[in-house]
Amino acid sequence: MPEKQNIACLPDTKIYICCSAGNATGGPEALHQLAYHLNQLGFNAMMYYYQTPDSVGMVHENYKKFNIPYITKPENDGKHVMIMPETYLFPIFKRKVNYYKTQKPGVNDAKPKGLLAKIKTRKQASFARIKERGVLNIAHSYYSLVHLKENGIEPIGQISDYMNDVFFELAAHEEKKENGIIYNPKKNDEFLEEIIQLTSDLNWKPSEVGNWMNRAKLYVDFGYHPGKERMPREACIMRCCMIVGKSGSAAYQPDMPIPEKYRFEKERGQIPDIIEQIRACIGDYDQLINDFRPYREALYQEKKVFIEAIKKVFVTI
């Protein structure tokens, strides 16, 4: 079969976008963004909601503003298109199995977001079996794009997502910055805890604490990034310097365009250099914050890039 470069839609093609019902996280938001802009571009997109243990109702309150039609049973016709997230592939495979079991040990803990990560089939799945199915793959991040190619799958494109307008509205550029450091306690472990203990004179704040993101000078994150994560982007929009690890998407310049001196391997031998950079970001904030201007400017262009990516992948015939 010749390789397809896009998804061709007839005038009466329906595009079903599978999404967990009643959930508001990064994945469902990206899927609703996709459906909304497909419809704005003249396609016929609708949500195909499925229930999960976390589902509350059908359409989450956060997504009612998109006014996207939804169905609970798709019409089985070859002219229609179904978009499936990695967490829901019932239309392709039947029995539960994680295809990462066929990959190297430990990869389950480091799978990129946007990949077909939970495939349900009677036999063990693999990248080879994905190719056999003739499934078209769309990457979410540059990280997932690279990962697919390394495993012999050529994605037809990359469609990420964009930050909700509310984050730009919350950015208080007139607010005076304080010597605070924010971090996400849910995504970091004893590595960052050791750094915090070694810098007990500094003002560390977990991300849940109030409006600290607008007031803090620095955001530190050594957690795993399965895709283009929301919190680092939010921190950049709110004029924080950033120090991150090299796990997942955070390692790639196209996903997080910051100077390499702010990116570190998660190794104990790196801790002295990390602490030195932390103190530099606090002490020389007014100068070093300029290093993050290209990333911040890119975030303001995300919606435009998102729409152009959709136009490349989806075409009308």
# chains A, B, ... in the order shown; residues from 1 in each chain; ligands from 1
>>> residues_around(residues="segment 222-227 of chain A", least_positions_apart="3", cutoff="10 Å", atoms="only C-alpha atoms", output="PyMOL selection string")
chain A and resi 26+109-115+139-144+160+183-189+191-192+230+232+243-251+255+263-266
>>> residues_around(residues="Asn179 of chain A", least_positions_apart="3", cutoff="7 Å", atoms="only C-alpha atoms", output="list in words")
Asn203, Ala216, Lys217 and Ile282 of chain A
>>> closest_residue(among="A:Asn290, A:Asn211, A:Ser200, A:Asn164", to="Arg233 of chain A", atoms="only C-alpha atoms")
A:Asn164
>>> residues_around(residues="Gly152 of chain A", least_positions_apart="2", cutoff="12 Å", atoms="only C-alpha atoms", output="list of chain:residue names")
A:Ser126, A:Phe127, A:Ala128, A:Arg129, A:Ile130, A:Lys131, A:Glu132, A:Asn137, A:Leu145, A:Val146, A:His147, A:Leu148, A:Lys149, A:Glu150, A:Glu154, A:Pro155
>>> closest_residue(among="A:Ile289, A:Met84, A:Ile159, A:Met242", to="Ile274 of chain A", atoms="only C-alpha atoms")
A:Met242
>>> residues_around(residues="Asn67 of chain A", least_positions_apart="2", cutoff="12 Å", atoms="only C-alpha atoms", output="count of residues only")
19
>>> residues_around(residues="Thr316 of chain A", least_positions_apart="6", cutoff="10 Å", atoms="only C-alpha atoms", output="ChimeraX atom specification")
/A:7-13,42-43
>>> closest_residue(among="A:Glu75, A:Ile278, A:Met231, A:Phe168", to="Ile196 of chain A", atoms="only C-alpha atoms")
A:Ile278
>>> closest_residue(among="A:Glu297, A:Glu276, A:Glu234, A:Glu178", to="Asp165 of chain A", atoms="only C-alpha atoms")
A:Glu234
>>> closest_residue(among="A:Ile83, A:His173, A:Lys14, A:Tyr252", to="Leu136 of chain A", atoms="only C-alpha atoms")
A:Ile83
>>> select_by_dssp(residues="segment 6-244 of chain A", states="alpha helix (DSSP H)", output="VMD selection string")
chain A and resid 26 to 40 127 to 133 142 to 150 165 to 170 190 to 198 212 to 215 230 to 237
>>> closest_residue(among="A:Asp161, A:Glu86, A:Asp291, A:Asp77", to="Leu34 of chain A", atoms="only C-alpha atoms")
A:Asp161
>>> atom_distance(atom1="atom CA of Ser20 of chain A", atom2="atom CA of Thr72 of chain A")
11.1 Å
>>> select_by_dssp(residues="segment 100-310 of chain A", states="strand (DSSP E or B)", output="MDAnalysis selection string")
chainID A and resid 119:120 138:139 157:158 180:183 203:206 218:221 225 241:244 248 263
